[in-house]
Structures are given as C-alpha cells and as structure tokens.
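Student: File follows, target_33.tsv with TSV, C-alpha atoms:
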chain	number	residue	atom	x	y	z
A	91	MET	CA	0.00	0.00	0.00
A	92	ILE	CA	2.77	2.42	0.97
A	93	LYS	CA	4.75	1.44	-2.13
A	94	SER	CA	1.72	2.14	-4.31
A	95	LYS	CA	1.27	5.61	-2.81
A	96	ILE	CA	4.96	6.36	-3.31
A	97	ALA	CA	4.71	5.23	-6.92
A	98	ILE	CA	1.71	7.50	-7.52
A	99	ILE	CA	3.47	10.48	-5.94
A	100	VAL	CA	6.59	9.87	-8.04
A	101	SER	CA	4.48	9.61	-11.19
A	102	LEU	CA	2.71	12.89	-10.44
A	103	LEU	CA	6.00	14.63	-9.78
A	104	PHE	CA	7.38	13.29	-13.05
A	105	LEU	CA	4.38	14.56	-14.99
A	106	GLN	CA	4.65	17.95	-13.34
A	107	LEU	CA	8.32	18.24	-14.20
A	108	ALA	CA	7.62	17.12	-17.76
A	109	GLY	CA	5.13	19.94	-18.08
A	110	TRP	CA	7.73	22.50	-16.97
A	111	THR	CA	10.41	21.19	-19.30
A	112	GLN	CA	8.33	20.68	-22.43
A	113	ASN	CA	10.22	22.19	-25.35
A	114	VAL	CA	9.05	25.28	-27.17
A	115	ILE	CA	10.22	25.23	-30.78
A	116	VAL	CA	10.13	27.41	-33.86
A	117	LYS	CA	7.47	26.38	-36.37
A	118	SER	CA	8.30	29.01	-38.98
A	119	PHE	CA	9.86	32.41	-39.62
A	120	GLU	CA	9.15	34.45	-42.73
A	121	SER	CA	8.92	37.97	-44.08
A	122	THR	CA	5.53	39.35	-45.12
A	123	THR	CA	4.15	42.13	-47.26
A	124	SER	CA	2.27	43.61	-44.28
A	125	VAL	CA	2.84	47.31	-43.67
A	126	GLU	CA	2.62	47.42	-39.86
A	127	ALA	CA	6.37	48.03	-39.51
A	128	ARG	CA	5.84	51.30	-41.39
A	129	THR	CA	2.42	52.32	-40.08
A	130	HIS	CA	3.55	51.64	-36.48
A	131	LYS	CA	7.08	52.94	-37.06
A	132	ARG	CA	9.54	52.75	-34.18
A	133	LEU	CA	13.10	54.10	-34.28
A	134	ASP	CA	16.22	52.63	-32.70
A	135	SER	CA	18.79	54.66	-30.73
A	136	LYS	CA	20.38	55.86	-34.00
A	137	GLY	CA	17.07	57.07	-35.41
A	138	ILE	CA	16.81	54.19	-37.90
A	139	PRO	CA	13.36	52.57	-38.39
A	140	CYS	CA	13.11	49.12	-36.84
A	141	ALA	CA	11.91	45.82	-38.26
A	142	LEU	CA	8.74	44.37	-36.71
A	143	ILE	CA	8.55	40.71	-35.70
A	144	LYS	CA	5.08	39.45	-34.88
A	145	VAL	CA	5.66	36.50	-32.56
A	146	ARG	CA	2.71	34.13	-32.55
A	147	CYS	CA	2.55	31.90	-29.48
A	148	LEU	CA	-0.13	30.61	-27.08
A	149	LEU	CA	2.17	30.97	-24.05
A	150	ASP	CA	2.04	33.95	-21.70
A	151	GLY	CA	4.90	35.88	-20.16
A	152	LEU	CA	7.32	36.00	-23.08
A	153	SER	CA	10.01	38.68	-23.25
A	154	PHE	CA	12.62	39.45	-25.88
A	155	LYS	CA	16.24	40.44	-25.30
A	156	GLU	CA	16.73	42.49	-28.47
A	157	ALA	CA	13.41	44.38	-28.31
A	158	ILE	CA	13.49	48.16	-28.83
A	159	GLY	CA	11.02	49.76	-26.45
A	160	SER	CA	7.98	48.02	-25.04
A	161	VAL	CA	6.55	44.83	-26.51
A	162	GLU	CA	2.92	45.10	-27.60
A	163	ASN	CA	0.99	42.07	-26.37
A	164	LYS	CA	-1.88	41.30	-28.74
A	165	THR	CA	-4.14	38.23	-28.57
A	166	ASN	CA	-1.76	35.24	-28.93
A	167	GLU	CA	0.70	37.58	-30.62
A	168	TYR	CA	3.59	39.75	-29.47
A	169	TRP	CA	4.74	42.71	-31.53
A	170	VAL	CA	8.49	43.00	-31.15
A	171	PHE	CA	10.47	45.83	-32.75
A	172	VAL	CA	14.17	45.08	-33.33
A	173	PRO	CA	17.03	47.04	-34.94
A	174	ASP	CA	17.67	46.91	-38.67
A	175	GLU	CA	20.05	44.09	-39.72
A	176	SER	CA	19.50	42.10	-36.50
A	177	GLU	CA	20.49	38.48	-37.07
A	178	VAL	CA	18.92	36.84	-33.99
A	179	LEU	CA	16.00	37.15	-31.62
A	180	THR	CA	16.31	35.77	-28.09
A	181	VAL	CA	12.98	34.65	-26.66
A	182	LEU	CA	12.90	34.51	-22.85
A	183	LEU	CA	10.32	32.18	-21.31
A	184	ASN	CA	9.30	31.73	-17.69
A	185	LYS	CA	11.02	28.71	-16.08
A	186	ARG	CA	12.29	27.46	-19.45
A	187	HIS	CA	15.49	27.74	-21.39
A	188	PRO	CA	15.60	30.75	-23.73
A	189	ILE	CA	15.13	30.22	-27.46
A	190	ILE	CA	17.70	31.82	-29.75
A	191	VAL	CA	16.18	32.24	-33.19
A	192	ARG	CA	18.83	32.73	-35.88
A	193	PHE	CA	17.10	34.20	-38.91
A	194	ASP	CA	19.68	32.75	-41.27
A	195	ASP	CA	18.36	29.27	-40.42
A	196	TYR	CA	15.03	30.26	-41.97
A	197	GLY	CA	16.24	31.88	-45.16
A	198	GLU	CA	16.73	35.45	-43.89
A	199	LYS	CA	20.32	36.55	-43.24
A	200	CYS	CA	19.00	39.41	-41.13
A	201	VAL	CA	15.87	41.52	-40.72
A	202	ALA	CA	15.42	44.75	-42.64
A	203	THR	CA	14.14	48.16	-41.64
A	204	ASN	CA	10.40	48.77	-42.10
A	205	VAL	CA	9.73	45.09	-42.93
A	206	THR	CA	7.24	42.96	-40.98
A	207	TYR	CA	8.05	39.33	-40.14
A	208	ILE	CA	6.07	36.50	-38.53
A	209	LEU	CA	7.71	34.11	-36.06
A	210	SER	CA	5.50	31.17	-35.02
A	211	LEU	CA	6.34	29.27	-31.83
A	212	ALA	CA	4.66	26.18	-30.38
A	213	GLU	CA	5.16	23.54	-27.73
A	214	GLU	CA	6.78	20.50	-29.28
A	215	ASN	CA	3.93	18.07	-28.57
A	216	ALA	CA	1.46	20.34	-30.33
A	217	VAL	CA	3.66	20.45	-33.42
A	218	ARG	CA	3.96	16.67	-33.48
A	219	ILE	CA	0.18	16.33	-33.41
A	220	ALA	CA	-0.23	18.90	-36.18
A	221	SER	CA	2.37	17.20	-38.36
A	222	PHE	CA	0.07	14.25	-38.94
A	223	SER	CA	-2.22	16.47	-41.01
A	224	SER	CA	0.28	18.74	-42.75
A	225	LYS	CA	3.38	18.33	-44.88
A	226	SER	CA	6.03	19.71	-42.56
A	227	VAL	CA	8.59	16.99	-41.83
A	228	PRO	CA	11.06	15.15	-44.08
A	229	SER	CA	9.18	11.84	-44.01
A	230	ASP	CA	6.30	13.52	-45.85
A	231	PHE	CA	8.57	14.46	-48.75
A	232	GLN	CA	11.09	11.60	-48.78
A	233	ASN	CA	9.22	9.22	-51.08
A	234	GLY	CA	8.33	11.89	-53.60
A	235	ALA	CA	11.85	13.30	-53.54
A	236	GLU	CA	13.40	9.88	-54.16
A	237	ALA	CA	10.89	9.33	-56.97
A	238	GLY	CA	12.24	12.46	-58.65
A	239	LYS	CA	9.45	14.94	-57.90
A	240	ALA	CA	11.02	18.38	-58.03
A	241	GLU	CA	8.64	20.01	-55.52
A	242	ASP	CA	9.23	17.31	-52.90
A	243	GLN	CA	12.98	17.47	-53.49
A	244	CYS	CA	12.89	21.20	-52.85
A	245	ASN	CA	10.73	20.81	-49.73
A	246	LEU	CA	13.00	18.09	-48.36
A	247	GLY	CA	15.95	20.39	-48.99
A	248	LYS	CA	14.21	23.15	-47.02
A	249	CYS	CA	13.69	20.77	-44.10
A	250	TYR	CA	17.42	20.07	-44.00
A	251	TYR	CA	18.20	23.76	-44.54
A	252	ARG	CA	16.03	24.90	-41.62
A	253	GLY	CA	16.39	21.89	-39.35
A	254	GLN	CA	12.65	21.33	-39.60
A	255	GLY	CA	11.76	17.87	-38.30
A	256	ILE	CA	15.36	16.73	-38.72
A	257	PRO	CA	18.82	17.96	-37.63
A	258	GLN	CA	19.98	20.86	-39.74
A	259	ASN	CA	22.39	19.81	-42.49
A	260	TYR	CA	23.32	22.31	-45.19
A	261	TYR	CA	25.17	19.70	-47.25
A	262	SER	CA	22.09	17.48	-47.52
A	263	ALA	CA	19.98	20.57	-48.21
A	264	VAL	CA	22.20	21.56	-51.13
A	265	ALA	CA	22.11	18.03	-52.56
A	266	TRP	CA	18.30	18.08	-52.71
A	267	PHE	CA	18.11	21.67	-53.91
A	268	ARG	CA	20.41	20.77	-56.80
A	269	LYS	CA	18.30	17.79	-57.85
A	270	SER	CA	15.20	19.99	-57.86
A	271	ALA	CA	16.93	22.99	-59.45
A	272	ASP	CA	18.20	20.82	-62.29
A	273	GLN	CA	14.53	20.14	-63.05
A	274	ASN	CA	13.97	23.89	-63.38
A	275	TRP	CA	12.12	24.30	-60.06
A	276	ALA	CA	12.41	28.03	-59.33
A	277	GLU	CA	12.27	27.88	-55.53
A	278	ALA	CA	15.07	25.31	-55.45
A	279	GLN	CA	17.15	27.46	-57.80
A	280	TYR	CA	16.68	30.37	-55.40
A	281	TYR	CA	17.72	28.31	-52.35
A	282	LEU	CA	20.71	26.88	-54.19
A	283	GLY	CA	21.77	30.42	-55.06
A	284	ARG	CA	21.29	31.45	-51.44
A	285	SER	CA	23.37	28.52	-50.25
A	286	TYR	CA	26.21	29.56	-52.56
A	287	TYR	CA	25.89	33.21	-51.48
A	288	TYR	CA	26.26	32.48	-47.76
A	289	GLY	CA	28.57	29.47	-48.09
A	290	GLN	CA	26.00	27.15	-46.56
A	291	GLY	CA	26.96	23.61	-47.53
A	292	PHE	CA	30.12	24.87	-49.24
A	293	PRO	CA	33.62	25.63	-47.93
A	294	LYS	CA	33.10	29.35	-48.58
A	295	PRO	CA	30.71	31.73	-50.35
A	296	ASP	CA	30.71	31.64	-54.16
A	297	TYR	CA	29.00	34.79	-55.39
A	298	GLU	CA	29.31	33.99	-59.09
A	299	GLN	CA	27.50	30.68	-58.64
A	300	ALA	CA	24.94	32.45	-56.46
A	301	VAL	CA	24.22	34.93	-59.26
A	302	LYS	CA	23.95	32.10	-61.77
A	303	TRP	CA	21.20	30.36	-59.79
A	304	TYR	CA	19.45	33.57	-58.74
A	305	GLU	CA	19.19	34.48	-62.43
A	306	LYS	CA	17.61	31.14	-63.27
A	307	ALA	CA	14.97	31.58	-60.56
A	308	ALA	CA	14.49	35.27	-61.39
A	309	LYS	CA	13.58	34.38	-64.98
A	310	HIS	CA	10.62	32.45	-63.52
A	311	ASN	CA	9.55	35.68	-61.77
A	312	TYR	CA	10.54	34.28	-58.36
A	313	ALA	CA	10.46	37.55	-56.40
A	314	ASP	CA	12.96	36.66	-53.66
A	315	ALA	CA	15.54	35.67	-56.28
A	316	GLN	CA	14.94	38.94	-58.14
A	317	TYR	CA	15.49	40.85	-54.91
A	318	GLN	CA	18.70	38.96	-54.10
A	319	LEU	CA	19.92	39.52	-57.64
A	320	GLY	CA	19.30	43.22	-57.16
A	321	LEU	CA	21.43	43.11	-54.00
A	322	CYS	CA	24.24	41.37	-55.91
A	323	TYR	CA	24.31	44.17	-58.49
A	324	GLU	CA	24.00	46.82	-55.78
A	325	LYS	CA	26.95	45.43	-53.80
A	326	GLY	CA	29.00	44.08	-56.71
A	327	LYS	CA	28.85	40.51	-55.42
A	328	GLY	CA	29.44	37.98	-58.22
A	329	VAL	CA	28.87	40.66	-60.86
A	330	LYS	CA	30.24	44.09	-61.63
A	331	GLN	CA	28.50	46.72	-59.51
A	332	ASP	CA	25.69	48.23	-61.58
A	333	MET	CA	23.07	50.39	-59.86
A	334	LYS	CA	20.85	50.49	-62.98
A	335	MET	CA	20.71	46.69	-63.07
A	336	ALA	CA	20.13	46.63	-59.33
A	337	ARG	CA	17.14	48.93	-59.71
A	338	LYS	CA	15.83	46.85	-62.61
A	339	TRP	CA	15.72	43.73	-60.46
A	340	PHE	CA	14.36	45.56	-57.42
A	341	GLU	CA	11.52	46.87	-59.60
A	342	LYS	CA	10.74	43.37	-60.88
A	343	ALA	CA	10.85	41.94	-57.34
A	344	ALA	CA	8.59	44.69	-56.00
A	345	LYS	CA	6.13	44.13	-58.84
A	346	ASN	CA	6.02	40.45	-57.86
A	347	GLY	CA	5.27	41.21	-54.22
A	348	ASN	CA	8.66	41.45	-52.48
A	349	ASP	CA	8.15	44.14	-49.84
A	350	LYS	CA	11.86	44.60	-49.14
A	351	ALA	CA	12.48	45.43	-52.80
A	352	SER	CA	9.91	48.24	-52.74
A	353	LEU	CA	11.94	49.89	-49.96
A	354	LYS	CA	14.91	50.05	-52.33
A	355	LEU	CA	13.04	52.15	-54.89
Before we go any further, please render this structure as structure tokens.
Tutor:
Amino acid sequence: MIKSKIAIIVSLLFLQLAGWTQNVIVKSFESTTSVEARTHKRLDSKGIPCALIKVRCLLDGLSFKEAIGSVENKTNEYWVFVPDESEVLTVLLNKRHPIIVRFDDYGEKCVATNVTYILSLAEENAVRIASFSSKSVPSDFQNGAEAGKAEDQCNLGKCYYRGQGIPQNYYSAVAWFRKSADQNWAEAQYYLGRSYYYGQGFPKPDYEQAVKWYEKAAKHNYADAQYQLGLCYEKGKGVKQDMKMARKWFEKAAKNGNDKASLKL
C-alpha cells in the first residue's frame, strides 16, 4: 500500500516536471508584405526605423532580449520591434530555457528596416500532433523526392536547410536543392543560389555561382531571387557593380510582391 502511494506520488512529480520542461520550438519564420512596420514605425537609438517581428505563441509571459522599447501584447501575438540588420532574436520564457532564433536558419540573413516578419512558436507536442495532417517533416517528402518529384525534393531540402523535423544539415539541403533545381524548379534554384551566397553547404561563399542560380529563378519571376539579384548588383557581389541593373531587379521583385524590394526604390 505504501509502495503504491509512493509510486503515484513519483508519477505525479514526473508529470509535473515534464510539463515544466516541455520544449518550445520554432514552427516558422518568414517575411511578409504587411505594412505594420511602417504604419507603427519605431526608431532605434540611431534614429533608424526598426523591423517588426510578430511572434505568434499561445504561451504567456514572453520577453525578448533584443526588443526596442515596449513589446505590444496582442491576442496570442507579441509585436516586437528590433534594430535593422538584426540576425537573432532571443525569446525569454518563464522557467524554461531561452530560445535563440537565428534568422539565417530560416532563409533570412537578417531583418530589414520597415519590414514585418512573422515568427510562429509552439510547444513540441502540439507540433507533433499537427504534423500528422500537414506536410512539414522530411518523411512527408522523402518518397516523392526519391521518386524524382522536383517540388518534394525542394521541400525536403528546405527541411534540412532549416532543421525542420530533422537535424539541420546544409550539405544534404544543397544536394536536394540541386536535384530539384536541375529540373527547373524556381524555388530550389533560389535556395541553391542562397546557399552559394552564404557558403551554406560549401567551404566558402561563391557569389558567381549564387548569381547564376538567382538568375535562373528570377527568370521564372521568383520575387525573392529577383530581390537577391538586385542586391548582388547593388553590392557588386558575383557581378560588376551596376546600380541600374540593381534597380531593374528591385523593380521586378517589388512588382512580384517582395516588400523589401519596394523599400529600395
């Protein structure tokens, strides 16, 4: 009888501790075309407009290390303003380990002034339940990718690139992006170009190869590739610096919905 009570008490304590230590993970991070960063403009200490990150999470009591000014707490959403060109956001949670979100892991080298982003967080168990009804983990794409389907190859590459549902591995990401890109899949061409640009999955950055793949994706009117191509011409990375060409690609990207490109015009 005493042993049974002890066992019950131990089980309850274990469950309680499990609740405290349940992981909170990043579901997604992406830029948007929303204008809140401009309509609710906030300046950093140098007078430069901030980027806005809308953090979507069901948990209460979150705070953010890099936040400029007060955090606006909306319903299940925190509005966090951070300095231009910030590369990380540190999410502080009550009685849990902080989450360090590196934007580069999700396809954004850094955040940009006046641009609005969405960061979605969730407790790990909730994500596992949701994954049964949505294509979000490598196993969902593996069969199609191995069968040669370009879209699944690209999606599997993104899982490796972001560490979504599997440990992050840039080399595996590049391998799948290349298979998809060789089939003329624009998104894969963009990510392959990005991988070359930042040296992800390669010994070092290769700007000329980055431009080559950005151009292929840009010809399909892939807006992010057009924007990155504009940056290459603006900075003289992989091509001779040419501000007219930079503007040309920024205009195309803006026309196709890239909000960051419109800020360049």
Student: Which value, in Å to one decimal, gives the distance between atom CA of Leu183 of chain A and atom CA of Lys117 of chain A?
Tutor: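 Separation of atom CA of Leu183 of chain A and atom CA of Lys117 of chain A: 16.4 Å.
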Student: Tell me, counting only C-alpha atoms, for each residue of segment 190-303 of chain A within 10 Å of segment 120-127 of chain A, which pair of atoms is nearest and how far apart they are in Å to one decimal, in rows ordered by chain and increasing number, as a Markdown table.
Tutor:
| residue | atom | partner | partner_atom | distance |
| --- | --- | --- | --- | --- |
| A:Phe193 | CA | A:Glu120 | CA | 8.8 |
| A:Tyr196 | CA | A:Glu120 | CA | 7.3 |
| A:Gly197 | CA | A:Glu120 | CA | 7.9 |
| A:Glu198 | CA | A:Glu120 | CA | 7.7 |
| A:Val201 | CA | A:Ser121 | CA | 8.5 |
| A:Ala202 | CA | A:Ser121 | CA | 9.5 |
| A:Thr203 | CA | A:Ala127 | CA | 8.1 |
| A:Asn204 | CA | A:Ala127 | CA | 4.8 |
| A:Val205 | CA | A:Ala127 | CA | 5.6 |
| A:Thr206 | CA | A:Ala127 | CA | 5.4 |
| A:Tyr207 | CA | A:Ser121 | CA | 4.3 |
| A:Ile208 | CA | A:Glu120 | CA | 5.6 |
| A:Leu209 | CA | A:Glu120 | CA | 6.8 |
| A:Ser210 | CA | A:Glu120 | CA | 9.1 |
Student: Thr180 of chain A: which residues within 7 Å, counting all atoms listed in the file, same-chain residues fewer than 3 positions away excluded, as a list in words?
Tutor: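 Contacts, in chain order: Phe154, Lys155, Glu156, Pro188, Ile189, Ile190 and Val191 of chain A.
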Student: Restricting the calculation to only C-alpha atoms, which member of A:Asp349, A:Glu175, A:Glu241, A:Asp296 is positioned closest to Lys269 of chain A?
Tutor: A:Glu241
Student: Near Tyr250 of chain A, counting only C-alpha atoms, which residues have an atom at most 6 Å away, once you skip same-chain residues fewer than 4 positions from it, shown as a PyMOL selection string?
Tutor: chain A and resi 258-259+263
Student: Tell me, as a ChimeraX atom specification, which residues lie within 10 Å of Val145 of chain A, counting all atoms listed in the file; anything in the same chain fewer than 6 positions away does not count.
Tutor: /A:119,152,163-164,166-170,181,207-211
Student: One decimal, Å: what's the distance from atom CA of Ala237 of chain A over to atom CA of His310 of chain A, could you say?
Tutor: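 Value for the atom CA of Ala237 of chain A-atom CA of His310 of chain A distance: 24.0 Å.
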Student: Find the distance between atom CA of Gly289 of chain A and atom CA of Val264 of chain A and write it in Å to one decimal.
Tutor: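 Spanning atom CA of Gly289 of chain A to atom CA of Val264 of chain A is a straight-line distance of 10.6 Å.
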Student: Is there a way to get, as a list of chain:residue names, all residues within 12 Å of the point (6.9, 38.9, -59.2) in file coordinates, counting all atoms listed in the file?
Tutor: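 It turns out the residues near that spot are A:Ala307, A:Ala308, A:Lys309, A:His310, A:Asn311, A:Tyr312, A:Ala313, A:Asp314, A:Ala315, A:Gln316, A:Tyr317, A:Trp339, A:Phe340, A:Glu341, A:Lys342, A:Ala343, A:Ala344, A:Lys345, A:Asn346, A:Gly347, A:Asn348, A:Asp349, A:Ala351, A:Ser352.
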Student: Which residues come within 7 Å of Tyr297 of chain A, counting all atoms listed in the file, excluding same-chain residues fewer than 4 positions away, as number ranges by chain?
Tutor: A: 286-287, 301, 327-328
Student: So which residues are close to (12.4, 23.1, -54.5), meaning at most 10 Å away in the file's coordinates with all atoms listed in the file counted, and can you show them as a ChimeraX atom specification?
Tutor: /A:235,239-248,266-282
Student: Closest to Tyr260 of chain A among A:Arg128, A:Cys322, A:Asp195, A:Gly238, using only C-alpha atoms?
Tutor: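 Selected residue with least distance to Tyr260 of chain A: A:Asp195.
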Student: Which one of A:Pro139, A:Glu236, A:Ala300, A:Asp150 sits closest to Ala212 of chain A if you count all atoms listed in the file?
Tutor: A:Asp150
